[in-house]
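Written below as structure tokens is the structure these notes are about.
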Amino acid sequence: MMGGREAAVTTATEIHGRGASEGRRLFEEWYAALTSAPERGEKAAYVFVMGSLVELLRCFDLHVVFPEINSLQTAVRKVADEYLNLAEDHGFSPDVCGYVKADYAVQVRSGEHPMGRIPPPDVAVLTNACSTYIKWAEIWERMYEAPVFTFDTPGSRIPVPLKRAGTSTETPDRAARHAADSFEADRRYVEHQLRELIEVCERVTGIAFDIDRCREVLRLTNEMGRHWRRVLELNRQSPAPFDAMLEGTIYLGVANALRGTEAGATYFEDLVEEMEARIADGLGPRGEADEHHRLVFVGVPCYPIFRRFYELFAEWGGTFVSSTYTWFASGGLNRDYEYDLEDPLKSLAEGLLLGVREATDSLMFPDRALIESIDAFDVDGVVYHPVKSCRTVSTGLAASRRVILEERDVLALYIESDMMDKRVVSEAQLKNRIDAFFEGLRSREIRLAGSTAD
Amino acid sequence: MSGQSSTAPGGDAMPRLLELVPDAGLDEMLEHCRELVEAPDLPTVKRWRDAGGKVVGHFQVYFPEELAHAAGMLPVKVRGAPVERREADSHFGSYICSILRSSLELALTGRLEVDLFVTHPICDAARNLAGIWARNLPQPARLLYYPQNASSGFASRYLEGEYARLLAEIEDIAGRQVTEDDVRVSIRVFNRNRKLLRDLYEVKRETPWLLPVDEAYCLVAVGGLIGREEHNTLLERALPAIRQRSARPQDKMRVVFEGGFCEQPPLDLLRSIAEFCYVVDDDLLIGLRWIVEDVAANEEPLHALAEAYLNSSSYSPVQHDARKPKEEMLLRRIRSARAEAAIVSAAKMCEPGLDEQVAYGQALEEEGIPYFLTEFEEKMTSFSQLQIQLETFVENVLFASEDCEQEPLLIQVGERQ
Ligand code: SF4
Ligand code: SF4
């Protein structure tokens with residue numbers, strides 16, 4: 001398929017950007033398949049990135065549609081405002097999640113989308129990883145006859161922050177007991193729901209569930225996950241081989257859309273090869289390494305000006321060596337977890353629960369994982385980008401920033417805009433703040449160099 | 001929780017929290033309730049703590065208060081307050097509703113002290129409140145995940161397990177064991193309370209001129225701040241007095257107010273509505289009235305509470321239940337209250353409330369029911385624009401019905417005009 005492996009001896013320059021271009025090609029193919037699915041009488045399932053259950057749906061020959069990805073594509077392709085305006089004309093508030101609005105408009109426009117035509121759902125599956133998923137799917141419940149399966153994947157009951165202000169009356173024993181008790185109960189609930197979902201899918205597709213097929217799909221996700229984690233880990237190198245905010249988002253799209261497929265597993269195997277080659281040749285995301293500042297990105301990128309947003313950092317030699325987006329939106333692939341192929345359903349339930357829980361916990365307390373990243377990736381700046389659209393990702397960021405600044409000697413930038421709505425994206429203001437941030441990083445560098453020289 | 005019977009249900013040592021003389025008249029009762037509901041320093045909770053009592057603070061919307069009551073703790077509904085925010089805002093980004101900020105403000109400034117705080121992932125912002133709370137306040141914070149897959153065959157068993165775990169924590173904090181019979185006693189107290197609240201809503205529905213929405217609100221809301229036995233006594237005294245009021249029906253429009261499930265509209269906003277309308281039903285503080293029938297007090301109590309949550313309950317934008325499409329539930333509420341129109345409101349920046357407004361609007365339009373769309377914030381202070389628009393809306397509806405026009409009417413208020 002990708003002609004990557006036989007080129008293992010080629011130089012990094014030759015394969016530089018292969019992952020990005022292959023990613024684009026695979027995406028185009030994926031959208032083309034979605035567009036033509038209804039003609040071929042093929043069915044589609046709508047899913048979300050946090051807890052997508054793609055592995056199960058593949059067992060029923062269902063195409064998977066990620067409305068979140070469809071929505072962000074409208075912003076990247078600079079047509080989001082057409083969709084947002086239509087939704088707002090129909091009564092949606094400017095203050096609600098832009099992804100929901102863009103998808104609502106896609107549905108009203110019978111699937112018309114810049115990447116193709118999105119088929120209507122034959123079934124929709126969502127988890128409570130984000131409460132807005134539930135409001136979103138209720139729109140489809142009203143529009144279509146298709147069954148909507150709202151999956152409970154309960155998150156952690158006890159918020160355990162890295163750092164508390166003052167003393168706590170929390171007893172660690174009680175907290176640990178509570179957490180241990182709830183996990184097994186939750187796993188049983190999730191497994192029960194999986195069986196209920198299987199019945200729904202069998203009814204919708206007329207295909208009987210085949211456990212061996214499920215095993216094979218899980219095996220491919222396991223394989224993809226291993227490569228995905230390796231790719232993320234390779235960015236610990238200096239210079240980092242890729243930009244986790246810009247390229248990471250493309251890779252993330254493939255990881256979601258093609259999980260549980262041969263093509264997806266191979267893509268990431270090839271990507272590891274590309275990144276290792278970049279490292280061997282000392283290359284960074286922009287070819288010749290120009291990395292001056294190693295950054296972590298926290299939040300969701302600014303899609304309405306995606307390329308420019310990236311450039312505002314790249315121009316200063318800033319590279320995002322890590323991005324929380326590649327954790328919480330990777331459907332659990334960031335976890336060192338592999339499905340147990342001996343007991344696929346039990347393991348799928350456990351993997352789903354752990355993946356969603358890790359995502360939601362990391363959104364509540366990004367600082368714990370952030371501090372690990374700051375240390376492991378040798379980071380000198382943290383960029384927080386809370387967005388108007390998404391309270392799931394954004395609510396805890398102001399508090400996280402305080403903790404990070406207390407715990408590590410890094411600079412933090414906190415910029416608010418949106419990932420869909422260009423009315424709240426002011427490039428000039430962003431630039432001012434970003435420039436000031438880099439000037440701060442520069443002066444700190446000089447100061448530190450001075451103190452070392454002393 | 002053990003199955004042995006107990007003669008000491010949680011409520012036995014509760015201090016009196018209302019400061020009303022035994023023969024207080026209706027006006028005094030109403031005035032006292034209003035003062036308590038508007039007091040940001042929560043005097044009843046302070047009184048309870050001063051008497052050595054412990055408190056479970058639970059954020060909107062629903063909480064099985066019986067569990068706290070059975071352990072002798074005071075369940076307090078955390079519902080924000082129209083206070084000036086000095087401490088809380090720096091913990092949140094810009095696009096967050098007010099109730100979260102003001103609830104945290106009350107806790108950070110020591111006005112609300114709890115021994116256990118429980119929030120629910122009713123929305124993405126409220127889930128994160130647990131984290132922010134845990135970082136900044138010493139007492140334990142917990143998340144209680146209600147089933148959103150209400151039609152799953154496992155949902156009730158799951159919820160029962162959640163209640164059991166939560167009760168174990170409550171026992172730990174209260175420092176006492178809670179028996180099944182303790183919970184049964186509490187269920188009976190709350191069943192009585194729910195019955196009295198249903199009676200109060202019947203007064204609103206059948207004789208709305210006797211009880212304006214703001215007064216009814218205060219009588220209900222005070223229940224989230226005092227012991228339920230005391231609330232029951234209050235309602236038992238207030239209801240007959242309300243029924244004996246001599247007010248005469250006026251030519252006001254019968255409306256349903258929707259949008260008060262979480263952040264609370266200011267009392268003055270409700271008063272402004274009462275000037276032109278009879279609010280014959282609403283979802284204000286729906287959590288206190290979430291369960292709509294008596295909970296079976298002689299069954300296994302946690303099971304009975306879980307079943308009631310799922311199967312004998314109301315609706316709200318933050319609770320998914322495919323068996324109860326919310327727009328159909330709203331239409332049912334409007335019809336059973338014989339309302340002529342609806343006021344469909346949402347708190348500013350409230351994702352679920354604002355999303356639901358769209359569905360409600362579309363359903364009302366299809367049914368030809370006039371509705372008035374508005375946004376509010378708990379700390380808003382100017383209502384003159386709203387009053388003018390509401391008055392216009394009411395006139396238009398009356399005019400349209402005189403003209404027998406069937407076109408639905410819609411007036412939007414707020415930024416979206
Ligand atoms: S609120 Fe955030 S996580 Fe939820 S659907 Fe919108 S963008 Fe996605
Ligand atoms: S008012 Fe809305 S956004 Fe705010 S906490 Fe309540 S449900 Fe969440």
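A note on labels: chains of the structure tokens are A, B, ... as shown, every chain counts residues from 1, and ligands are counted from 1 in their shown order.
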Determine, using only C-alpha atoms and all ligand atoms, which residues of chain B have any atom at most 6 Å from an atom of ligand 2, and tabulate each with its shortest atom pair and distance in Å to one decimal place, rows ordered by chain and then rising number, as CSV.
residue,atom,partner,partner_atom_place_in_ligand_line,distance
B:Cys97,CA,ligand 2,4 (Fe),4.7
B:Ile99,CA,ligand 2,4 (Fe),5.9
B:Leu100,CA,ligand 2,5 (S),5.6
B:Ile122,CA,ligand 2,7 (S),5.9
B:Cys123,CA,ligand 2,8 (Fe),4.6
B:Ala125,CA,ligand 2,8 (Fe),5.6
B:Ala126,CA,ligand 2,5 (S),4.8
B:Cys262,CA,ligand 2,6 (Fe),4.5
B:Glu263,CA,ligand 2,1 (S),4.4
B:Ala347,CA,ligand 2,1 (S),5.7
B:Cys350,CA,ligand 2,3 (S),3.6
B:Glu351,CA,ligand 2,3 (S),5.4
B:Pro352,CA,ligand 2,2 (Fe),5.8
B:Gly353,CA,ligand 2,2 (Fe),5.9
Next item on the list: Residues within 8 Å of ligand 1 should be enumerated using only C-alpha atoms and all ligand atoms and returned as a VMD selection string.
Entry: (chain A and resid 68 97 to 100 129 to 133 136 389 to 393) or (chain B and resid 124)
Could you take the residues named above and write them with N, CA, C and O atoms, as a tab-separated table (two decimals), in the first residue's frame?
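out23.tsv was written with the following content:
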chain	number	residue	atom	x	y	z
A	68	GLU	N	-16.78	14.70	14.64
A	68	GLU	CA	-15.81	15.69	15.14
A	68	GLU	C	-14.78	16.01	14.06
A	68	GLU	O	-14.40	17.16	13.85
A	97	CYS	N	-20.69	24.50	21.49
A	97	CYS	CA	-19.61	23.80	20.79
A	97	CYS	C	-19.77	23.91	19.26
A	97	CYS	O	-20.79	23.51	18.69
A	98	GLY	N	-18.73	24.44	18.63
A	98	GLY	CA	-18.77	24.64	17.18
A	98	GLY	C	-18.81	23.34	16.40
A	98	GLY	O	-19.36	23.28	15.29
A	99	TYR	N	-18.27	22.30	16.97
A	99	TYR	CA	-18.33	20.99	16.29
A	99	TYR	C	-19.78	20.55	16.13
A	99	TYR	O	-20.18	20.04	15.08
A	100	VAL	N	-20.54	20.72	17.18
A	100	VAL	CA	-21.95	20.32	17.15
A	100	VAL	C	-22.67	21.10	16.04
A	100	VAL	O	-23.40	20.55	15.23
A	129	ALA	N	-17.81	10.39	27.69
A	129	ALA	CA	-16.50	11.03	27.88
A	129	ALA	C	-16.65	12.54	27.81
A	129	ALA	O	-15.97	13.28	28.52
A	130	CYS	N	-17.51	13.00	26.94
A	130	CYS	CA	-17.83	14.43	26.87
A	130	CYS	C	-19.36	14.53	26.95
A	130	CYS	O	-20.05	13.84	26.19
A	131	SER	N	-19.86	15.35	27.85
A	131	SER	CA	-21.33	15.46	27.98
A	131	SER	C	-21.96	16.05	26.72
A	131	SER	O	-23.13	15.78	26.43
A	132	THR	N	-21.17	16.84	26.01
A	132	THR	CA	-21.72	17.44	24.79
A	132	THR	C	-21.95	16.38	23.71
A	132	THR	O	-22.80	16.56	22.84
A	133	TYR	N	-21.20	15.27	23.78
A	133	TYR	CA	-21.51	14.17	22.84
A	133	TYR	C	-22.99	13.79	22.98
A	133	TYR	O	-23.66	13.46	22.00
A	136	TRP	N	-25.23	16.29	21.43
A	136	TRP	CA	-25.02	16.20	19.97
A	136	TRP	C	-25.83	15.02	19.41
A	136	TRP	O	-26.59	15.16	18.45
A	389	SER	N	-15.41	26.83	22.35
A	389	SER	CA	-16.31	25.72	22.01
A	389	SER	C	-16.32	24.59	23.02
A	389	SER	O	-17.31	23.90	23.16
A	390	CYS	N	-15.20	24.35	23.65
A	390	CYS	CA	-15.04	23.06	24.32
A	390	CYS	C	-14.73	23.20	25.80
A	390	CYS	O	-13.59	23.40	26.20
A	391	ARG	N	-15.78	23.08	26.62
A	391	ARG	CA	-15.57	23.14	28.07
A	391	ARG	C	-14.90	21.87	28.57
A	391	ARG	O	-14.25	21.87	29.61
A	392	THR	N	-15.07	20.79	27.85
A	392	THR	CA	-14.46	19.53	28.26
A	392	THR	C	-12.95	19.69	28.38
A	392	THR	O	-12.33	19.28	29.35
A	393	VAL	N	-12.38	20.29	27.37
A	393	VAL	CA	-10.93	20.43	27.34
A	393	VAL	C	-10.48	21.68	28.10
A	393	VAL	O	-9.41	21.68	28.69
B	124	ASP	N	-19.78	19.32	30.88
B	124	ASP	CA	-18.32	19.20	30.88
B	124	ASP	C	-17.69	20.15	31.89
B	124	ASP	O	-16.66	19.85	32.48
Next item on the list: Tell me the residues of chain B close to chain A, meaning within 6 Å using only C-alpha atoms, as a list in words.
Entry: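 Selected residues: His91, Phe92, Tyr95, Cys123, Asp124, Ala125, Asn128, Gly131, Arg135, Asn136, Pro138, Gln139, Pro140, Arg142, Leu143, Asn149, Met349, Glu351 and Val358 of chain B.
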Next item on the list: Could you please write out, as a ChimeraX atom specification, every residue of segment 244-436 of chain A that DSSP assigns to alpha helix (DSSP H)?
Entry: /A:246-257,262-280,306-314,325-328,344-364,366-376,391-394,397-407,427-436
Note to self: Between B:Ala341, B:Ile369, B:Leu239, B:Leu285, which residue has the minimum interatomic distance to Val61 of chain B, considering only C-alpha atoms?
What the structure shows: B:Leu285
Note to self: Using only C-alpha atoms for the distances, tell me which of A:Arg335, A:Ala105, A:Pro344, A:Asp243 is nearest to Trp140 of chain A.
What the structure shows: A:Ala105
Skip Ser246 of chain B itself and residues of its chain fewer than 6 positions away, then list as a PDB file with C-alpha atoms, in the first residue's frame all residues within 12 Å of it, counting only C-alpha atoms.
ATOM      1  CA  THR B 207     -55.018  28.466  41.284  1.00  0.00           C
ATOM      2  CA  TRP B 209     -53.261  33.658  41.329  1.00  0.00           C
ATOM      3  CA  LEU B 210     -52.757  32.388  44.882  1.00  0.00           C
ATOM      4  CA  LEU B 211     -49.036  31.741  44.514  1.00  0.00           C
TER       5      LEU B 211
END
